[in-house]
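See below for the structure under consideration.
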Amino acid sequence: MLVYLLRRLGQSLFVVAAMAVLVFVGVYAIGNPIDIMISPDAGQAEMEAAIARLGLDKPMWEQFFIFIQNALQGDLGRSFVYSTDALGLILSKLPATLELAFLALLFAVFLGVPLGMIAGLKPNSIAGKTIMAGSIMGFSLPNFWQGMMLILLFAVIFKVLPSGGRGDTVQVFGVGLSFLTLDGLSHMLLPAVNLALFKTSLVIRLARAGTREASLQDYVKFARAKGLAPRRIVLVHILKNILIPVVTVLGLELGNMIAFAVVTETVFAWPGMGKLLIDSIQLLDRPVVVAYLMLTVIMFIIINLAVDMLYCVLDPRVRLSEARA
Amino acid sequence: MTDALKVAATRAPLQRLSWRAGPSARFAAEFAASPVAVAALALALTLALLAIFANFITPQNPYDLAQLDIMEGMHPPGASNFDGSKTYHLGTDQQGRDMLSAIVFGLRMSLGVGALSTVIALTLGMSVGVLAAYFGGKVDAAIMRVVDLQLSFPAILVALILLAVLGKGVDKVIIALIIVQWAYYARTVRGTALVERRKEYIEAAACLALSHRRIVFRHLLPNCLPPLIVVATVQVANAIALEATLSFLGVGVPITEPSLGLLIANGYDYMLSGKYWISFFPGVALLVTIVAINLVGDQLRDILNPRLKR
C-alpha cells in the first residue's frame with residue numbers, strides 16, 4: 001500500500017512537472033501582451049520600462065526558471081491586467097464557482113434520483129419513457145446553447161429571472177456568498193440548472209439502472225413477502241442501495257463540474273474562475289492562464305489520487321493486482 | 001409475453017436472411033429494424049450532403065463580403081429585403097448575412113472539423129491501441145498509462161489547455177480534438193484486441209511465420225473494428241459539440257470561418273434585446289445534427305454488441 005502510494009505520488013509529480021513545462025512554454029510563446037496592455041502611442045522608454053517591470057525582457061528559459069522558483073513558494077506570478085497576485089485572484093473567484101457547482105450537484109441529486117427511480121420502477125409507462133427521452137435530450141443539448149435558451153425564455157420573454165451576474169452577496173468569514181440572499185438565489189437559479197442538466201441526465205440513467213437491478217434482488221422480494229408497504233420498500237430498501245453508485249459517480253463528477261463551469265460562467269457572466277480563465281485567454285493575461293491551468297491540473301491529480309487510494313482501501317482485488325504490478 | 005412473441009415475429013425474417021445473405025445485407029437488415037435509427041441516418045446523410053454542396057444550394061455565400069449589405073442587417077425571420085426580391089426565411093445577422101446560408105456553411109465547418117478530427121484520431125488511436133495489445137509488456141504499460149492519465153481529465157479541460165497553448169485557428173482546433181479523442185480509441189481497441197489475440201486464427205497466422213505487421217494490420221485489426229465503429233460514431237457527435245463549445249468560448253475557429261458554435265456566440269449579444277433568431281436557429285441545427293448522429297450510434301451499438309445478440 002505504501003509502495004503503491006509512493007509510486008503514484010512520484011507519477012503525479014512527474015505529470016505536474018510535465019504540465020508546468022507544456023503550459024509555460026505554450027502560453028508564453030503566443031502573442032505579445034505588450035501590444036494589448038500599453039497604448040500604441042506610448043514612447044519607447046515607457047514601453048521598455050513596462051517590459052522590464054513584467055520581466056518580459058529576459059530569455060524564456062530564465063523566465064521559466066523564475067516561474068518555477070516562485071511556484072515552489074506558492075507564487076504563480078502577478079496578473080498583467082489586475083496587477084495582483086494571480087493565485088490570489090483565482091482563489092478569490094473560487095467561492096463563486098464552488099457555490100454554483102454545489103447547487104447544481106443538489107439539483108442533479110434531488111431531481112435525478114426520483115426521476116430515475118420512477119423510470120426504473122415503471123420502465124414501460126409513459127412517464128418512464130418520457131423521462132428517458134428527456135435524459136437523452138439532456139445528453140445531446142449543447143450546454144452553452146441550452147443556457148442561452150434559458151436566458152431567452154426566463155429573462156427575455158417571461159422576464160422573471162435575471163440574465164446574468166451574481167446579485168447580492170452576504171459576507172461569511174470574508175467570503176461573498178450568493179445563496180443566502182433572495183436576489184443572489186434568483187441569479188443562481190438559471191446557471192445552476194444549466195450546469196446541472198448534464199449531470200441530472202447521468203443520475204437519471206444511474207438511478208434507473210440501479211432501481212431495475214435492485215427490484216429483482218432477494219431482499220426486495222423478501223420485504224414484499226413480509227408485507228411491507230410498497231412505499232417503504234421503494235424509499236428504504238431500494239433507495240439506500242442505489243445511492244452507492246450515484247454518490248461515487250457524483251463525487252468524481254464534482255471536479256468535472258468545475259471544469260464545465262467555464263461554459264456556464266461565460267454564458268451567464270457569473271464572476272467565477274472559469275470566466276476569469278476565458279477573459280484572461282482573450283486578454284493574453286499569461287500569469288493568470290498559467291496559474292489557473294496549473295491549479296486545475298493539481299486539483300484533478302489530487303482527486304484522482306484520492307479516488308484510487310479509496311478504491312485500494314475498499315476493494316481488496318485492486319490492492320492485489322497493484323501489489324503484483 | 002406478447003411482447004416477446006411480437007419481437008420473435010419481427011425477427012424471424014431477419015434470421016432467415018442471416019444465413020442466405022452476406023454479412024453486409026444482414027447488417028443493413030438489422031439496422032433497418034428500427035425506423036427511428038433509419039430516419040436518423042437519413043437525416044444525418046442529408047445534413048452531410050447539405051454541408052458538402054453548401055456553395056450550390058444556399059441563396060447567398062456568407063463569406064463573400066460583396067454579397068452582404070449591412071443595411072439588410074437584423075431582419076427577423078421571413079422578412080424580405082429592400083426591393084422585395086429576396087426573402088430571409090431565418091432572418092439575417094448584424095452584418096446582413098442570410099442566416100439560412102450562414103447555418104449551412106457553419107454546418108459544413110462543424111461537420112468537417114468533427115469528421116476529420118475523428119478519422120485522424122481513430123487511425124492514430126487504433127494503431128497505437130492494437131500495437132499495445134499485440135506486443136504487451138512494457139510497450140503496453142507505457143501506452144496505457146498515458147491513456148489512463150489523459151482520460152482522468154475532462155475533455156473540455158484538455159482542449160482548453162491545448163488551445164491556450166496552441167492559439168486559435170481551424171487547424172489548431174482539429175489538432176486539439178485529435179489529441180482529446182485518440183485515447184478513447186486506443187483504450188477501446190486494446191480491450192478487444194487483448195481478447196482476439198488469444199484466438200486460434202492469430203496463432204495460425206503466427207505459425208505461418210507471417211510478419212508482425214501483417215498479423216496486426218490484416219488479421220487482428222479488422223476483427224477489432226465493430227466496437228470501434230460505435231465509439232467513432234458517438235465521438236463524431238461529441239467532437240462537434242466540443243468544437244461548438246470551444247468556438248463559443250472564443251478559443252475555437254476564427255471569426256472569418258464561423259462554425260455553428262461561433263454563429264450562436266455571435267447572436268449572444270442580440271438575444272437580450274429579443275433578437276433570438278441569430279442564436280436560436282444555428283443551435284437547432286447543432287442539436288438536430290448531434291441527436292441524429294447519437295441515434296445512429298445507439299442503433300449501431302445494439303446491433304454490434306454480442307451480448308444483445310439473440
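Note on naming: chains are A, B, ... as they come in the C-alpha cells, residues start from 1 per chain, ligands start from 1 in the order shown.
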Per-residue DSSP, stretch 78-193 of chain B, filtered to alpha helix (DSSP H), as a ChimeraX atom specification: /B:99-135,137-151,155-166,170-193
Please find the residues of chain B near chain A - the criterion being any atom within 9 Å, counting only C-alpha atoms - and write them as a PDB file with C-alpha atoms, in the first residue's frame.
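Result file iface35.pdb:
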ATOM      1  CA  LEU B 149      -3.745   9.733 -17.391  1.00  0.00           C
ATOM      2  CA  SER B 152      -8.680  11.168 -15.998  1.00  0.00           C
ATOM      3  CA  PHE B 153      -9.045  14.794 -17.093  1.00  0.00           C
ATOM      4  CA  PRO B 154     -12.299  16.086 -18.606  1.00  0.00           C
ATOM      5  CA  ILE B 156     -13.018  20.192 -22.221  1.00  0.00           C
ATOM      6  CA  LEU B 157     -10.161  20.918 -19.827  1.00  0.00           C
ATOM      7  CA  LEU B 160      -8.786  24.354 -23.229  1.00  0.00           C
ATOM      8  CA  ILE B 161      -5.181  23.726 -22.143  1.00  0.00           C
ATOM      9  CA  LEU B 162      -4.205  22.804 -25.702  1.00  0.00           C
ATOM     10  CA  ALA B 164      -4.480  28.161 -24.641  1.00  0.00           C
ATOM     11  CA  VAL B 165      -1.109  26.777 -25.708  1.00  0.00           C
ATOM     12  CA  LEU B 166      -1.668  26.484 -29.480  1.00  0.00           C
ATOM     13  CA  GLY B 167      -3.798  29.568 -30.071  1.00  0.00           C
ATOM     14  CA  ALA B 237     -21.167  13.922 -32.238  1.00  0.00           C
ATOM     15  CA  ASN B 238     -19.018  14.640 -29.192  1.00  0.00           C
ATOM     16  CA  ALA B 241     -20.335  19.521 -29.602  1.00  0.00           C
ATOM     17  CA  LEU B 242     -16.873  20.170 -28.186  1.00  0.00           C
ATOM     18  CA  ALA B 244     -19.017  24.285 -30.891  1.00  0.00           C
ATOM     19  CA  THR B 245     -18.343  24.864 -27.187  1.00  0.00           C
ATOM     20  CA  LEU B 246     -14.748  25.934 -27.804  1.00  0.00           C
ATOM     21  CA  PHE B 248     -18.497  29.696 -28.398  1.00  0.00           C
ATOM     22  CA  LEU B 249     -15.885  30.417 -25.726  1.00  0.00           C
ATOM     23  CA  GLY B 250     -13.842  32.265 -28.350  1.00  0.00           C
ATOM     24  CA  VAL B 251     -10.888  29.878 -28.427  1.00  0.00           C
ATOM     25  CA  GLY B 261     -20.907  27.335 -32.283  1.00  0.00           C
ATOM     26  CA  ILE B 264     -24.517  31.031 -31.764  1.00  0.00           C
ATOM     27  CA  ALA B 265     -21.923  33.124 -29.942  1.00  0.00           C
ATOM     28  CA  TYR B 268     -25.423  36.201 -27.829  1.00  0.00           C
ATOM     29  CA  MET B 271     -30.502  37.811 -27.739  1.00  0.00           C
ATOM     30  CA  LEU B 272     -31.082  40.021 -24.704  1.00  0.00           C
ATOM     31  CA  SER B 273     -32.857  42.553 -26.887  1.00  0.00           C
ATOM     32  CA  GLY B 274     -35.210  39.859 -28.147  1.00  0.00           C
ATOM     33  CA  TYR B 276     -33.461  35.476 -30.834  1.00  0.00           C
ATOM     34  CA  SER B 279     -28.596  32.218 -31.890  1.00  0.00           C
ATOM     35  CA  PHE B 280     -31.709  30.081 -31.975  1.00  0.00           C
ATOM     36  CA  GLY B 283     -28.477  25.990 -32.135  1.00  0.00           C
ATOM     37  CA  LEU B 286     -26.466  21.846 -33.989  1.00  0.00           C
ATOM     38  CA  LEU B 287     -28.908  19.960 -31.773  1.00  0.00           C
ATOM     39  CA  ILE B 290     -25.910  15.783 -32.659  1.00  0.00           C
ATOM     40  CA  VAL B 291     -29.153  13.928 -31.893  1.00  0.00           C
ATOM     41  CA  ASN B 294     -26.250   9.811 -31.488  1.00  0.00           C
TER      42      ASN B 294
END
Just want the 7 Å neighbourhood of stretch 244-248 of chain A, counted on only C-alpha atoms, with same-chain residues fewer than 3 positions away dropped. Output as an mmCIF file with N, CA and C atoms, in the first residue's frame.
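Everything below was put into around15.cif:
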data_model
loop_
_atom_site.group_PDB
_atom_site.id
_atom_site.type_symbol
_atom_site.label_atom_id
_atom_site.label_comp_id
_atom_site.auth_asym_id
_atom_site.auth_seq_id
_atom_site.Cartn_x
_atom_site.Cartn_y
_atom_site.Cartn_z
ATOM 1 N N VAL A 203 -27.449 11.047 -13.665
ATOM 2 C CA VAL A 203 -28.005 10.458 -12.443
ATOM 3 C C VAL A 203 -29.277 9.681 -12.770
ATOM 4 N N LEU A 206 -28.232 6.334 -14.051
ATOM 5 C CA LEU A 206 -27.683 5.503 -12.974
ATOM 6 C C LEU A 206 -28.789 4.994 -12.068
ATOM 7 N N ASN A 241 -29.867 1.385 -1.584
ATOM 8 C CA ASN A 241 -28.910 0.614 -2.363
ATOM 9 C C ASN A 241 -28.514 1.258 -3.678
ATOM 10 N N GLY A 251 -19.300 12.175 -6.767
ATOM 11 C CA GLY A 251 -18.063 12.640 -6.163
ATOM 12 C C GLY A 251 -17.003 12.861 -7.222
ATOM 13 N N LEU A 252 -16.940 11.904 -8.162
ATOM 14 C CA LEU A 252 -15.969 12.022 -9.248
ATOM 15 C C LEU A 252 -16.312 13.178 -10.174
#
Separation of atom CA of B:Val253 from atom CA of A:Ala192, in Å and rounded to one decimal: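 According to the coordinates, atom CA of B:Val253 and atom CA of A:Ala192 are separated by 27.9 Å.
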Surrounding residues of stretch 99-112 of chain A excluding itself and chain neighbours under 4 positions, 6 Å, only C-alpha atoms, as a ChimeraX atom specification: /A:95,116,192,195-196,199-200,203-204
Interatomic distance (Å, one decimal) between atom CA of B:Arg187 and atom CA of B:Val234: 15.2 Å
Exercise: B:Val236 partners within 8 Å, only C-alpha atoms, chain neighbours under 6 positions left out, as a list of chain:residue names: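 The residues satisfying every condition are B:Gly114, B:Ala115, B:Thr118, B:Ile293.
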Let me see the file: selected residues, C-alpha atoms, as a PDB file, in the first residue's frame.
ATOM      1  CA  GLY B 114     -15.767  16.845 -36.377  1.00  0.00           C
ATOM      2  CA  ALA B 115     -15.383  14.206 -39.075  1.00  0.00           C
ATOM      3  CA  THR B 118     -12.425  11.789 -35.666  1.00  0.00           C
ATOM      4  CA  ILE B 293     -25.657  11.056 -35.047  1.00  0.00           C
TER       5      ILE B 293
END
One-decimal distance in Å that lies between atom CA of B:Ala239 and atom CA of B:Ala176: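 For atom CA of B:Ala176 relative to atom CA of B:Ala239, the distance reads 10.2 Å.
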9 Å contact set for B:Leu228, only C-alpha atoms, chain neighbours under 6 positions out, as a list in words: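 Near B:Leu228, the qualifying residues are Leu122, Met126, Tyr185, Thr188 and Val189 of chain B.
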Would you export the selected residues with C-alpha atoms as a JSON list (two decimals), in the first residue's frame, please?
[["chain", "number", "residue", "atom", "x", "y", "z"],
["B", 122, "LEU", "CA", -9.38, 6.94, -34.96],
["B", 126, "MET", "CA", -6.47, 2.37, -33.33],
["B", 185, "TYR", "CA", -9.96, 4.62, -29.42],
["B", 188, "THR", "CA", -11.39, 0.51, -26.86],
["B", 189, "VAL", "CA", -9.29, -1.28, -29.46]]
